[in-house]
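Let me begin by presenting the structure, written as structure tokens, before commenting on it.
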Protein chains: 2
Amino acid sequence: MYVTIQNEARQPLTRSHKPFAKLKADSYLYFEGDEVSHLYQIESGVVRLTRVLEDGRRQVIAFGYPGDIIGFPANGLHHTDCDALTESRLIPIARRALDDSRVDPELHAALMEAALQEISAMQDHFMMLGRKSAAEKVASFLKVLLERIGDAGKTPPVVDLPMSRSDIADFLGLTTETVCRCVTALRKAGIIRLVGVNRVEILDPTALAQRADGQLN
Amino acid sequence: MYVTIQNEARQPLTRSHKPFAKLKADSYLYFEGDEVSHLYQIESGVVRLTRVLEDGRRQVIAFGYPGDIIGFPANGLHHTDCDALTESRLIPIARRALDDSRVDPELHAALMEAALQEISAMQDHFMMLGRKSAAEKVASFLKVLLERIGDAGKTPPVVDLPMSRSDIADFLGLTTETVCRCVTALRKAGIIRLVGVNRVEILDPTALAQRADGQLN
DNA sequence: CGCTCTATTGAACCGCATCAACGAACGTGG
DNA sequence: CCACGTTCGTTGATGCGGTTCAATAGAGCG
């Protein structure tokens with residue numbers, strides 16, 4: 001999930017009596033460099049895809065939400081680490097379905113479509129990383145979480161943040177301090193309200209959207 | 001071409017008596033929002049993929065070099081603009097070959113592979129945009145151009161830069177001034193030498209690689 | 001030769017990082 | 001159940017890297 005554009009919630013690819021993989025919070029699904037045996041569609045929970053440099057600098061590549069497909073190989077290998085932010089249920093998809101369209105043409109086509117969507121979403125994220133201010137990044141992040149997974153049934157709509165501030169920072173190319181300050185600024189502007197540390201009420205979605213695109217301060 | 005990792009030069013996908021598309025310098029191949037009718041493999045020349053925000057901020061998504069495949073659709077549409085930096089020859093690939101594996105299974109598989117490679121390369125680029133300093137970005141950029149398209153036959157190896165400083169800046173999330181200053185710093189350190197404005201001799205590839213990864217200053 | 005556009009260099013400013021302190025939440029053991 | 005320690009989040013003070021603004025130099029072209 002690249003926090004820049006709204007993805008339609010994806011339907012499960014496989015009607016499954018198939019087994020789920022279950023992943024406890026904080027446990028790893030795979031590491032960078034691992035051979036890719038399966039891709040996974042997330043059924044429930046939230047996972048985190050990360051890369052690190054030798055000197056410890058970290059980039060969160062994406063957060064995986066229900067419906068997302070993760071684990072696309074390059075040269076047969078995983079190129080991120082993946083671990084769970086919350087207990088998650090995953091639907092394994094044999095890599096063969098990606099490589100060989102004859103195994104399951106429909107599934108193969110769906111995987112291709114997901115890969116193409118991912119490319120598009122990543123391009124949006126480039127704009128965010130390269131060209132947006134800290135305040136715009138944080139507003140964009142909340143905005144897309146709201147559109148993608150926010151509970152709009154509630155008034156005001158609510159967004160849960162299963163990831164830490166430092167995860168958000170490493171996703172947006174900021175520091176935890178800067179993320180905090182931007183969140184505080186949105187709160188003081190009356191645009192959001194914090195309910196505990198990991199839950200945000202969006203009081204003014206319109207104002208949030210404007211800040212995400214750099215209108216107003 | 002995402003300037004972060006070395007791609008093996010790709011072989012042409014189609015042995016063609018097929019027609020080339022020819023694209024003059026500065027002319028556009030497609031725009032964001034256009035329906036995707038064809039993908040293209042670059043046969044010669046260099047193209048530029050860009051996105052812009054309403055307020056004019058621009059992000060260069062990638063530079064397309066010979067062997068690269070460009071124009072992957074999402075929801076059937078292009079999601080970047082594409083124009084040529086130099087006169088280019090392109091091999092059109094019917095979109096059908098991407099959507100339907102039965103048309104040309106081998107080509108379809110090659111396109112899938114290219115899309116997966118692209119995802120991986122973009123993830124590397126995230127690290128660059130989000131976590132590297134200006135000096136590291138510029139060094140990384142030159143390093144990858146050297147590996148990918150540099151003429152190592154010459155001593156010292158030479159890299160051509162068909163794009164402007166501002167293209168480089170918009171690719172790396174910097175300003176043209178900062179790009180200039182970083183290039184100058186590399187020059188004064190004796191790592192590179194400028195031959196005109198659009199050609200660089202890499203005098204010390206090892207030192208360049210170290211700067212790209214943040215070792216030394 | 002002069003015009004225009006790009007690249008370079010310099011100076012000042014500012015946004016974000018860094019460093020530091022404090023507070024809140026949570027788990028553990030007494 | 002409370003005391004304590006540990007981790008995470010927040011806020012403040014300061015510094016710096018990169019932007020911004022401005023001026024100059026150079027390259028391409030009619």
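Every chain in the structure tokens has a letter given in the order shown (A, B, ...), and although residue numbers restart at 1 in each chain, ligands are simply numbered from 1 in the order shown.
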
Fitted copy of chain B on chain A, all Cα, as a compact mmCIF listing (two decimals) with C-alpha atoms, in the first residue's frame:
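Final output, saved to out_4.txt:
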# COMPACT_ATOMS: atom_id res chain seq x y z
CA MET B 1 -0.01 0.05 0.01
CA TYR B 2 1.64 3.18 -1.22
CA VAL B 3 0.09 6.07 0.46
CA THR B 4 -0.64 8.28 -2.45
CA ILE B 5 -3.72 7.15 -4.30
CA GLN B 6 -6.86 5.36 -3.48
CA ASN B 7 -6.90 1.68 -4.34
CA GLU B 8 -10.18 -0.06 -4.69
CA ALA B 9 -10.38 -2.79 -2.12
CA ARG B 10 -9.41 -5.95 -3.93
CA GLN B 11 -11.46 -9.06 -3.71
CA PRO B 12 -9.82 -12.30 -2.61
CA LEU B 13 -8.25 -14.02 -5.58
CA THR B 14 -8.99 -17.53 -4.50
CA ARG B 15 -12.14 -18.86 -2.92
CA SER B 16 -10.48 -20.87 -0.35
CA HIS B 17 -11.03 -23.88 1.50
CA LYS B 18 -7.31 -23.41 0.92
CA PRO B 19 -5.17 -23.02 4.01
CA PHE B 20 -4.41 -19.62 5.40
CA ALA B 21 -0.97 -18.74 6.58
CA LYS B 22 -1.14 -17.08 9.94
CA LEU B 23 1.49 -14.59 10.96
CA LYS B 24 1.85 -13.32 14.49
CA ALA B 25 2.63 -9.69 15.18
CA ASP B 26 6.35 -8.89 14.86
CA SER B 27 7.19 -12.16 13.16
CA TYR B 28 8.80 -12.23 9.76
CA LEU B 29 7.28 -13.68 6.62
CA TYR B 30 10.44 -13.46 4.53
CA PHE B 31 13.71 -11.60 4.22
CA GLU B 32 15.48 -9.79 1.43
CA GLY B 33 17.40 -12.32 -0.62
CA ASP B 34 15.11 -15.24 0.18
CA GLU B 35 13.99 -17.39 -2.67
CA VAL B 36 10.37 -16.62 -3.55
CA SER B 37 8.26 -19.72 -3.20
CA HIS B 38 4.93 -18.01 -2.71
CA LEU B 39 3.28 -14.68 -3.10
CA TYR B 40 0.64 -13.75 -0.56
CA GLN B 41 -2.61 -11.94 -0.64
CA ILE B 42 -3.36 -10.33 2.68
CA GLU B 43 -6.64 -11.52 4.08
CA SER B 44 -6.50 -9.64 7.37
CA GLY B 45 -3.95 -7.71 9.38
CA VAL B 46 -1.23 -5.29 8.33
CA VAL B 47 2.33 -6.11 7.25
CA ARG B 48 5.38 -3.99 6.65
CA LEU B 49 7.81 -4.20 3.74
CA THR B 50 11.24 -2.74 4.47
CA ARG B 51 14.73 -2.34 3.11
CA VAL B 52 17.83 -1.34 5.00
CA LEU B 53 21.24 0.01 4.04
CA GLU B 54 24.38 -1.41 5.62
CA ASP B 55 24.67 1.65 7.83
CA GLY B 56 21.20 1.08 9.24
CA ARG B 57 19.23 3.64 7.33
CA ARG B 58 15.84 2.15 6.72
CA GLN B 59 13.12 2.69 4.17
CA VAL B 60 9.64 1.32 4.64
CA ILE B 61 8.69 0.40 1.09
CA ALA B 62 5.01 -0.20 1.73
CA PHE B 63 2.40 -1.25 4.24
CA GLY B 64 0.38 -4.26 3.18
CA TYR B 65 -3.35 -4.09 3.89
CA PRO B 66 -6.10 -6.61 3.27
CA GLY B 67 -6.49 -7.23 -0.45
CA ASP B 68 -2.89 -6.32 -1.23
CA ILE B 69 -0.60 -8.83 -2.89
CA ILE B 70 2.95 -8.93 -1.64
CA GLY B 71 6.10 -10.82 -2.44
CA PHE B 72 6.63 -10.20 -6.15
CA PRO B 73 10.02 -11.66 -7.05
CA ALA B 74 12.79 -10.17 -9.12
CA ASN B 75 15.19 -12.77 -10.43
CA GLY B 76 13.34 -15.22 -8.24
CA LEU B 77 14.28 -13.46 -5.01
CA HIS B 78 12.56 -11.28 -2.45
CA HIS B 79 13.95 -7.81 -2.44
CA THR B 80 12.45 -6.55 0.81
CA ASP B 81 11.98 -7.87 4.31
CA CYS B 82 8.40 -8.48 5.35
CA ASP B 83 7.02 -8.70 8.87
CA ALA B 84 3.66 -8.31 10.51
CA LEU B 85 2.51 -5.22 12.38
CA THR B 86 -0.55 -7.05 13.63
CA GLU B 87 -1.52 -10.68 13.61
CA SER B 88 -2.30 -11.38 9.98
CA ARG B 89 -3.91 -14.02 7.81
CA LEU B 90 -2.35 -14.54 4.41
CA ILE B 91 -3.45 -16.48 1.38
CA PRO B 92 -0.40 -18.14 -0.17
CA ILE B 93 -0.20 -18.14 -3.95
CA ALA B 94 2.25 -20.52 -5.56
CA ARG B 95 4.86 -18.63 -7.53
CA ARG B 96 4.15 -20.94 -10.42
CA ALA B 97 0.90 -19.09 -10.96
CA LEU B 98 2.91 -15.97 -11.67
CA ASP B 99 5.53 -17.58 -13.91
CA ASP B 100 3.30 -19.88 -15.89
CA SER B 101 0.00 -18.55 -17.14
CA ARG B 102 -1.27 -22.03 -18.01
CA VAL B 103 -1.53 -23.16 -14.41
CA ASP B 104 -4.39 -20.81 -13.63
CA PRO B 105 -4.92 -18.22 -16.34
CA GLU B 106 -7.38 -16.18 -14.34
CA LEU B 107 -5.13 -16.00 -11.30
CA HIS B 108 -2.16 -15.25 -13.50
CA ALA B 109 -3.96 -12.33 -15.08
CA ALA B 110 -5.00 -11.03 -11.68
CA LEU B 111 -1.40 -11.16 -10.47
CA MET B 112 -0.24 -9.29 -13.55
CA GLU B 113 -2.87 -6.68 -12.94
CA ALA B 114 -1.77 -6.34 -9.33
CA ALA B 115 1.86 -5.91 -10.39
CA LEU B 116 0.88 -3.18 -12.83
CA GLN B 117 -1.17 -1.41 -10.18
CA GLU B 118 1.81 -1.60 -7.89
CA ILE B 119 4.04 0.08 -10.46
CA SER B 120 1.56 2.89 -10.81
CA ALA B 121 1.19 3.34 -7.06
CA MET B 122 4.95 3.40 -6.62
CA GLN B 123 5.24 6.16 -9.19
CA ASP B 124 2.86 8.24 -7.14
CA HIS B 125 4.95 7.57 -4.11
CA PHE B 126 8.02 8.91 -5.95
CA MET B 127 6.33 12.26 -6.19
CA MET B 128 5.61 12.17 -2.50
CA LEU B 129 9.15 11.24 -1.48
CA GLY B 130 10.88 13.55 -3.90
CA ARG B 131 8.76 16.62 -4.03
CA LYS B 132 6.45 17.00 -1.06
CA SER B 133 7.09 18.83 2.19
CA ALA B 134 6.92 17.08 5.55
CA ALA B 135 3.47 18.50 6.28
CA GLU B 136 2.19 17.40 2.87
CA LYS B 137 3.63 13.93 3.33
CA VAL B 138 1.94 13.37 6.66
CA ALA B 139 -1.36 14.77 5.42
CA SER B 140 -1.15 12.58 2.31
CA PHE B 141 -0.45 9.57 4.44
CA LEU B 142 -3.50 10.08 6.63
CA LYS B 143 -5.63 10.96 3.65
CA VAL B 144 -4.88 7.75 1.81
CA LEU B 145 -5.28 5.63 4.91
CA LEU B 146 -8.67 7.24 5.36
CA GLU B 147 -9.68 6.49 1.79
CA ARG B 148 -8.28 3.01 1.79
CA ILE B 149 -9.02 1.63 5.20
CA GLY B 150 -10.70 4.35 7.19
CA ASP B 151 -13.95 3.57 8.88
CA ALA B 152 -16.21 6.12 7.24
CA GLY B 153 -19.23 4.59 8.92
CA LYS B 154 -18.26 6.38 12.05
CA THR B 155 -18.66 10.11 12.38
CA PRO B 156 -16.13 11.48 12.44
CA PRO B 157 -14.32 8.88 10.32
CA VAL B 158 -11.57 7.05 12.12
CA VAL B 159 -8.18 5.77 11.00
CA ASP B 160 -6.16 3.22 12.95
CA LEU B 161 -2.40 3.38 12.83
CA PRO B 162 -0.98 -0.05 13.60
CA MET B 163 2.50 1.17 12.73
CA SER B 164 4.79 3.23 14.96
CA ARG B 165 5.72 6.84 14.33
CA SER B 166 9.11 5.67 13.24
CA ASP B 167 7.55 3.34 10.67
CA ILE B 168 5.63 6.29 9.29
CA ALA B 169 8.82 8.34 9.28
CA ASP B 170 10.76 5.67 7.41
CA PHE B 171 7.93 5.36 4.94
CA LEU B 172 7.81 9.10 4.24
CA GLY B 173 11.53 9.80 4.38
CA LEU B 174 11.31 11.83 7.59
CA THR B 175 12.26 11.47 11.26
CA THR B 176 9.88 10.47 14.02
CA GLU B 177 10.17 13.93 15.53
CA THR B 178 9.06 15.57 12.31
CA VAL B 179 6.13 13.18 11.96
CA CYS B 180 5.07 14.03 15.50
CA ARG B 181 5.28 17.73 14.86
CA CYS B 182 3.24 17.50 11.67
CA VAL B 183 0.58 15.41 13.40
CA THR B 184 0.48 17.92 16.22
CA ALA B 185 0.07 20.75 13.72
CA LEU B 186 -2.91 19.00 12.13
CA ARG B 187 -4.37 18.46 15.56
CA LYS B 188 -3.93 22.07 16.60
CA ALA B 189 -5.50 23.16 13.33
CA GLY B 190 -8.58 21.15 14.29
CA ILE B 191 -8.28 18.85 11.29
CA ILE B 192 -7.69 15.66 13.24
CA ARG B 193 -8.09 14.43 16.78
CA LEU B 194 -5.96 11.78 18.44
CA VAL B 195 -7.68 9.00 20.31
CA GLY B 196 -4.77 7.47 22.07
CA VAL B 197 -1.60 7.32 20.03
CA ASN B 198 -2.64 4.85 17.37
CA ARG B 199 -6.05 6.11 16.40
CA VAL B 200 -6.95 9.29 14.57
CA GLU B 201 -10.33 10.88 14.01
CA ILE B 202 -10.48 12.87 10.79
CA LEU B 203 -12.51 15.91 11.75
CA ASP B 204 -12.09 17.75 8.45
CA PRO B 205 -11.29 15.48 5.50
CA THR B 206 -11.48 18.38 3.04
CA ALA B 207 -8.86 20.42 4.86
CA LEU B 208 -6.73 17.29 5.14
CA ALA B 209 -6.90 16.76 1.39
CA GLN B 210 -5.91 20.36 0.78
CA ARG B 211 -2.86 20.05 3.00
CA ALA B 212 -1.92 16.85 1.22
CA ASP B 213 -1.70 18.73 -2.06
CA GLY B 214 0.08 21.76 -0.68
CA GLN B 215 -2.80 24.18 -0.76
CA LEU B 216 -2.90 26.45 2.28
CA ASN B 217 0.06 26.39 4.60

Contacts of DC4 in chain D within 12 Å, only C-alpha atoms (C1' of nucleotides), excl. fewer than 4 positions in-chain, as a list in words: DC26, DG27, DT28, DG29 and DG30 of chain C

Those residues with N, CA and C atoms (P, O5', C5', C4', C3', O3' and C1' of nucleotides), as a PDB file, in the first residue's frame please?
ATOM      1  P    DC C  26      -1.151   1.360  26.595  1.00  0.00           P
ATOM      2  O5'  DC C  26      -0.116   0.207  26.910  1.00  0.00           O
ATOM      3  C5'  DC C  26       1.113   0.146  26.177  1.00  0.00           C
ATOM      4  C4'  DC C  26       2.102  -0.711  26.938  1.00  0.00           C
ATOM      5  C3'  DC C  26       1.449  -1.878  27.693  1.00  0.00           C
ATOM      6  O3'  DC C  26       2.016  -3.089  27.236  1.00  0.00           O
ATOM      7  C1'  DC C  26       3.014  -0.736  29.065  1.00  0.00           C
ATOM      8  P    DG C  27       1.389  -4.483  27.643  1.00  0.00           P
ATOM      9  O5'  DG C  27       2.648  -5.174  28.331  1.00  0.00           O
ATOM     10  C5'  DG C  27       3.939  -4.942  27.796  1.00  0.00           C
ATOM     11  C4'  DG C  27       4.987  -5.338  28.822  1.00  0.00           C
ATOM     12  C3'  DG C  27       4.631  -6.609  29.605  1.00  0.00           C
ATOM     13  O3'  DG C  27       5.799  -7.391  29.738  1.00  0.00           O
ATOM     14  C1'  DG C  27       4.982  -4.806  31.112  1.00  0.00           C
ATOM     15  P    DT C  28       5.730  -8.867  30.327  1.00  0.00           P
ATOM     16  O5'  DT C  28       6.961  -8.880  31.332  1.00  0.00           O
ATOM     17  C5'  DT C  28       7.759  -7.710  31.471  1.00  0.00           C
ATOM     18  C4'  DT C  28       8.323  -7.668  32.884  1.00  0.00           C
ATOM     19  C3'  DT C  28       8.032  -8.931  33.701  1.00  0.00           C
ATOM     20  O3'  DT C  28       9.234  -9.411  34.283  1.00  0.00           O
ATOM     21  C1'  DT C  28       7.319  -6.992  34.879  1.00  0.00           C
ATOM     22  P    DG C  29       9.228 -10.730  35.133  1.00  0.00           P
ATOM     23  O5'  DG C  29       9.579 -10.156  36.579  1.00  0.00           O
ATOM     24  C5'  DG C  29      10.451  -9.033  36.702  1.00  0.00           C
ATOM     25  C4'  DG C  29      10.352  -8.488  38.124  1.00  0.00           C
ATOM     26  C3'  DG C  29      10.255  -9.579  39.193  1.00  0.00           C
ATOM     27  O3'  DG C  29      10.960  -9.148  40.344  1.00  0.00           O
ATOM     28  C1'  DG C  29       8.341  -8.209  39.292  1.00  0.00           C
ATOM     29  P    DG C  30      11.242 -10.098  41.529  1.00  0.00           P
ATOM     30  O5'  DG C  30      10.800  -9.204  42.751  1.00  0.00           O
ATOM     31  C5'  DG C  30      11.285  -7.867  42.858  1.00  0.00           C
ATOM     32  C4'  DG C  30      10.331  -7.054  43.718  1.00  0.00           C
ATOM     33  C3'  DG C  30      10.067  -7.652  45.102  1.00  0.00           C
ATOM     34  O3'  DG C  30      10.177  -6.642  46.091  1.00  0.00           O
ATOM     35  C1'  DG C  30       8.017  -7.249  43.978  1.00  0.00           C
TER      36       DG C  30
END

Range 25-30 of chain D: which residues within 12 Å, counting only C-alpha atoms (C1' of nucleotides), same-chain residues fewer than 4 positions away excluded, as an mmCIF file with N, CA and C atoms (P, O5', C5', C4', C3', O3' and C1' of nucleotides), in the first residue's frame?
data_model
loop_
_atom_site.group_PDB
_atom_site.id
_atom_site.type_symbol
_atom_site.label_atom_id
_atom_site.label_comp_id
_atom_site.auth_asym_id
_atom_site.auth_seq_id
_atom_site.Cartn_x
_atom_site.Cartn_y
_atom_site.Cartn_z
ATOM 1 N N GLY B 196 32.897 19.116 -21.512
ATOM 2 C CA GLY B 196 31.676 19.828 -21.827
ATOM 3 C C GLY B 196 30.707 19.637 -20.673
ATOM 4 N N VAL B 197 29.451 19.938 -20.908
ATOM 5 C CA VAL B 197 28.481 19.916 -19.815
ATOM 6 C C VAL B 197 27.760 18.572 -19.747
ATOM 7 N N ASN B 198 27.717 17.875 -20.863
ATOM 8 C CA ASN B 198 26.915 16.663 -20.935
ATOM 9 C C ASN B 198 27.733 15.388 -21.069
ATOM 10 P P DC C 1 32.486 39.971 -33.175
ATOM 11 O "O5'" DC C 1 30.937 39.729 -33.512
ATOM 12 C "C5'" DC C 1 30.297 40.644 -34.384
ATOM 13 C "C4'" DC C 1 28.828 40.707 -34.011
ATOM 14 C "C3'" DC C 1 28.570 40.959 -32.525
ATOM 15 O "O3'" DC C 1 27.502 41.901 -32.399
ATOM 16 C "C1'" DC C 1 27.518 38.944 -33.191
ATOM 17 P P DG C 2 27.282 42.656 -30.955
ATOM 18 O "O5'" DG C 2 25.852 42.075 -30.573
ATOM 19 C "C5'" DG C 2 24.771 42.226 -31.473
ATOM 20 C "C4'" DG C 2 23.698 41.203 -31.157
ATOM 21 C "C3'" DG C 2 23.155 41.275 -29.726
ATOM 22 O "O3'" DG C 2 21.762 41.087 -29.783
ATOM 23 C "C1'" DG C 2 23.893 39.109 -30.171
ATOM 24 P P DC C 3 20.780 41.675 -28.661
ATOM 25 O "O5'" DC C 3 19.831 40.422 -28.405
ATOM 26 C "C5'" DC C 3 19.289 39.720 -29.533
ATOM 27 C "C4'" DC C 3 19.002 38.292 -29.124
ATOM 28 C "C3'" DC C 3 18.412 38.154 -27.717
ATOM 29 O "O3'" DC C 3 17.136 37.561 -27.807
ATOM 30 C "C1'" DC C 3 20.146 36.586 -28.091
ATOM 31 P P DT C 4 16.201 37.417 -26.478
ATOM 32 O "O5'" DT C 4 16.369 35.871 -26.165
ATOM 33 C "C5'" DT C 4 16.371 34.923 -27.241
ATOM 34 C "C4'" DT C 4 16.713 33.547 -26.680
ATOM 35 C "C3'" DT C 4 16.134 33.292 -25.288
ATOM 36 O "O3'" DT C 4 15.565 32.002 -25.248
ATOM 37 C "C1'" DT C 4 18.453 32.894 -25.281
ATOM 38 P P DC C 5 14.612 31.533 -24.062
ATOM 39 O "O5'" DC C 5 15.368 30.205 -23.607
ATOM 40 C "C5'" DC C 5 15.962 29.364 -24.597
ATOM 41 C "C4'" DC C 5 17.038 28.528 -23.931
ATOM 42 C "C3'" DC C 5 16.660 28.045 -22.521
ATOM 43 O "O3'" DC C 5 16.946 26.653 -22.412
ATOM 44 C "C1'" DC C 5 18.750 29.132 -22.477
ATOM 45 P P DT C 6 16.507 25.822 -21.104
ATOM 46 O "O5'" DT C 6 17.920 25.350 -20.535
ATOM 47 C "C5'" DT C 6 18.889 24.848 -21.433
ATOM 48 C "C4'" DT C 6 20.230 24.823 -20.763
ATOM 49 C "C3'" DT C 6 20.214 24.228 -19.353
ATOM 50 O "O3'" DT C 6 21.168 23.185 -19.314
ATOM 51 C "C1'" DT C 6 21.352 26.305 -19.375
ATOM 52 P P DA C 7 21.448 22.336 -17.987
ATOM 53 O "O5'" DA C 7 22.758 23.033 -17.432
ATOM 54 C "C5'" DA C 7 23.888 23.180 -18.277
ATOM 55 C "C4'" DA C 7 24.984 23.909 -17.527
ATOM 56 C "C3'" DA C 7 25.256 23.383 -16.112
ATOM 57 O "O3'" DA C 7 26.658 23.175 -15.983
ATOM 58 C "C1'" DA C 7 24.905 25.727 -16.072
ATOM 59 P P DT C 8 27.271 22.569 -14.630
ATOM 60 O "O5'" DT C 8 27.689 23.892 -13.844
ATOM 61 C "C5'" DT C 8 28.646 24.762 -14.433
ATOM 62 C "C4'" DT C 8 28.798 25.997 -13.580
ATOM 63 C "C3'" DT C 8 29.156 25.745 -12.109
ATOM 64 O "O3'" DT C 8 30.456 26.273 -11.907
ATOM 65 C "C1'" DT C 8 27.527 27.456 -12.351
ATOM 66 P P DT C 9 31.278 25.928 -10.611
ATOM 67 O "O5'" DT C 9 30.947 27.198 -9.694
ATOM 68 C "C5'" DT C 9 31.349 28.499 -10.129
ATOM 69 C "C4'" DT C 9 30.709 29.552 -9.260
ATOM 70 C "C3'" DT C 9 30.897 29.366 -7.744
ATOM 71 O "O3'" DT C 9 31.624 30.474 -7.250
ATOM 72 C "C1'" DT C 9 28.684 30.024 -8.291
#

With chain A as the partner and 12 Å as the cut-off, tabulate the residues of chain D that qualify, each row holding the nearest pair of atoms and their distance in Å to one decimal, using only C-alpha atoms (C1' of nucleotides), sorted by chain and rising number, as a Markdown table.
| residue | atom | partner | partner_atom | distance |
| --- | --- | --- | --- | --- |
| D:DT7 | C1' | A:Ser164 | CA | 11.6 |
| D:DC8 | C1' | A:Ser164 | CA | 8.2 |
| D:DG9 | C1' | A:Cys180 | CA | 7.7 |
| D:DT10 | C1' | A:Cys180 | CA | 6.8 |
| D:DT11 | C1' | A:Arg181 | CA | 8.4 |
| D:DG12 | C1' | A:Glu177 | CA | 11.1 |

How would the residues just chosen look if you wrote them out with N, CA and C atoms (P, O5', C5', C4', C3', O3' and C1' of nucleotides) as a short mmCIF file (atom, residue, chain, number, x, y, z; two decimals), in the first residue's frame?
data_model
loop_
_atom_site.label_atom_id
_atom_site.label_comp_id
_atom_site.auth_asym_id
_atom_site.auth_seq_id
_atom_site.Cartn_x
_atom_site.Cartn_y
_atom_site.Cartn_z
P DT D 7 14.15 -1.11 26.20
"O5'" DT D 7 12.95 -0.67 25.24
"C5'" DT D 7 11.70 -1.36 25.33
"C4'" DT D 7 10.59 -0.45 24.85
"C3'" DT D 7 10.95 0.36 23.60
"O3'" DT D 7 9.96 0.14 22.61
"C1'" DT D 7 10.01 1.76 25.25
P DC D 8 10.12 0.74 21.11
"O5'" DC D 8 9.04 1.91 21.10
"C5'" DC D 8 7.71 1.63 21.50
"C4'" DC D 8 6.95 2.93 21.63
"C3'" DC D 8 7.13 3.87 20.44
"O3'" DC D 8 5.85 4.26 19.98
"C1'" DC D 8 7.59 5.00 22.47
P DG D 9 5.65 5.24 18.75
"O5'" DG D 9 5.30 6.61 19.48
"C5'" DG D 9 4.19 6.64 20.37
"C4'" DG D 9 4.09 8.01 21.00
"C3'" DG D 9 4.11 9.17 20.00
"O3'" DG D 9 3.00 10.01 20.29
"C1'" DG D 9 5.76 9.48 21.69
P DT D 10 2.69 11.29 19.39
"O5'" DT D 10 3.38 12.46 20.21
"C5'" DT D 10 2.92 12.74 21.54
"C4'" DT D 10 3.77 13.82 22.16
"C3'" DT D 10 3.88 15.11 21.34
"O3'" DT D 10 3.27 16.14 22.08
"C1'" DT D 10 5.98 14.44 22.25
P DT D 11 3.01 17.57 21.48
"O5'" DT D 11 4.30 18.37 21.96
"C5'" DT D 11 4.57 18.50 23.36
"C4'" DT D 11 5.92 19.14 23.57
"C3'" DT D 11 6.21 20.40 22.75
"O3'" DT D 11 6.47 21.46 23.65
"C1'" DT D 11 8.06 18.92 22.72
P DG D 12 6.72 22.95 23.16
"O5'" DG D 12 8.29 23.12 23.31
"C5'" DG D 12 8.93 22.80 24.55
"C4'" DG D 12 10.43 22.96 24.42
"C3'" DG D 12 10.89 24.16 23.59
"O3'" DG D 12 11.89 24.85 24.34
"C1'" DG D 12 11.94 22.19 22.81
#

Contacts of chain D with range 13-21 of chain C up to 8 Å, shortest pair per row, only C-alpha atoms (C1' of nucleotides), as a tab-separated table:
residue	atom	partner	partner_atom	distance
D:DG15	C1'	C:DT18	C1'	7.7
D:DT19	C1'	C:DC14	C1'	7.9
D:DT20	C1'	C:DC13	C1'	7.6

Just to be explicit: take each residue in the selection above, keep N, CA and C atoms (P, O5', C5', C4', C3', O3' and C1' of nucleotides), and write the result as a PDB file, in the first residue's frame.
ATOM      1  P    DG D  15      23.866  26.046  17.875  1.00  0.00           P
ATOM      2  O5'  DG D  15      23.896  25.056  16.630  1.00  0.00           O
ATOM      3  C5'  DG D  15      24.000  23.649  16.868  1.00  0.00           C
ATOM      4  C4'  DG D  15      23.977  22.923  15.540  1.00  0.00           C
ATOM      5  C3'  DG D  15      24.781  23.619  14.450  1.00  0.00           C
ATOM      6  O3'  DG D  15      25.505  22.621  13.738  1.00  0.00           O
ATOM      7  C1'  DG D  15      22.507  23.392  13.764  1.00  0.00           C
ATOM      8  P    DT D  19      17.442  20.781  -2.489  1.00  0.00           P
ATOM      9  O5'  DT D  19      16.653  22.163  -2.282  1.00  0.00           O
ATOM     10  C5'  DT D  19      15.638  22.216  -1.288  1.00  0.00           C
ATOM     11  C4'  DT D  19      15.234  23.646  -1.032  1.00  0.00           C
ATOM     12  C3'  DT D  19      14.823  24.429  -2.272  1.00  0.00           C
ATOM     13  O3'  DT D  19      13.594  25.095  -2.006  1.00  0.00           O
ATOM     14  C1'  DT D  19      16.533  25.599  -1.102  1.00  0.00           C
ATOM     15  P    DT D  20      12.806  25.830  -3.162  1.00  0.00           P
ATOM     16  O5'  DT D  20      13.265  27.349  -3.019  1.00  0.00           O
ATOM     17  C5'  DT D  20      13.241  27.953  -1.734  1.00  0.00           C
ATOM     18  C4'  DT D  20      13.831  29.340  -1.817  1.00  0.00           C
ATOM     19  C3'  DT D  20      13.538  30.109  -3.114  1.00  0.00           C
ATOM     20  O3'  DT D  20      13.059  31.394  -2.761  1.00  0.00           O
ATOM     21  C1'  DT D  20      15.854  30.134  -2.665  1.00  0.00           C
TER      22       DT D  20
END

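Counting from C1' of DA13 in chain D, the distance to C1' of DA24 in chain C is 22.0 Å.
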
- request: Can you list, as a VMD selection string, all residues belonging to range 16-209 of chain A that DSSP tags as alpha helix (DSSP H)?
  value: chain A and resid 96 to 99 105 to 131 134 to 149 165 to 172 176 to 188 205 to 209
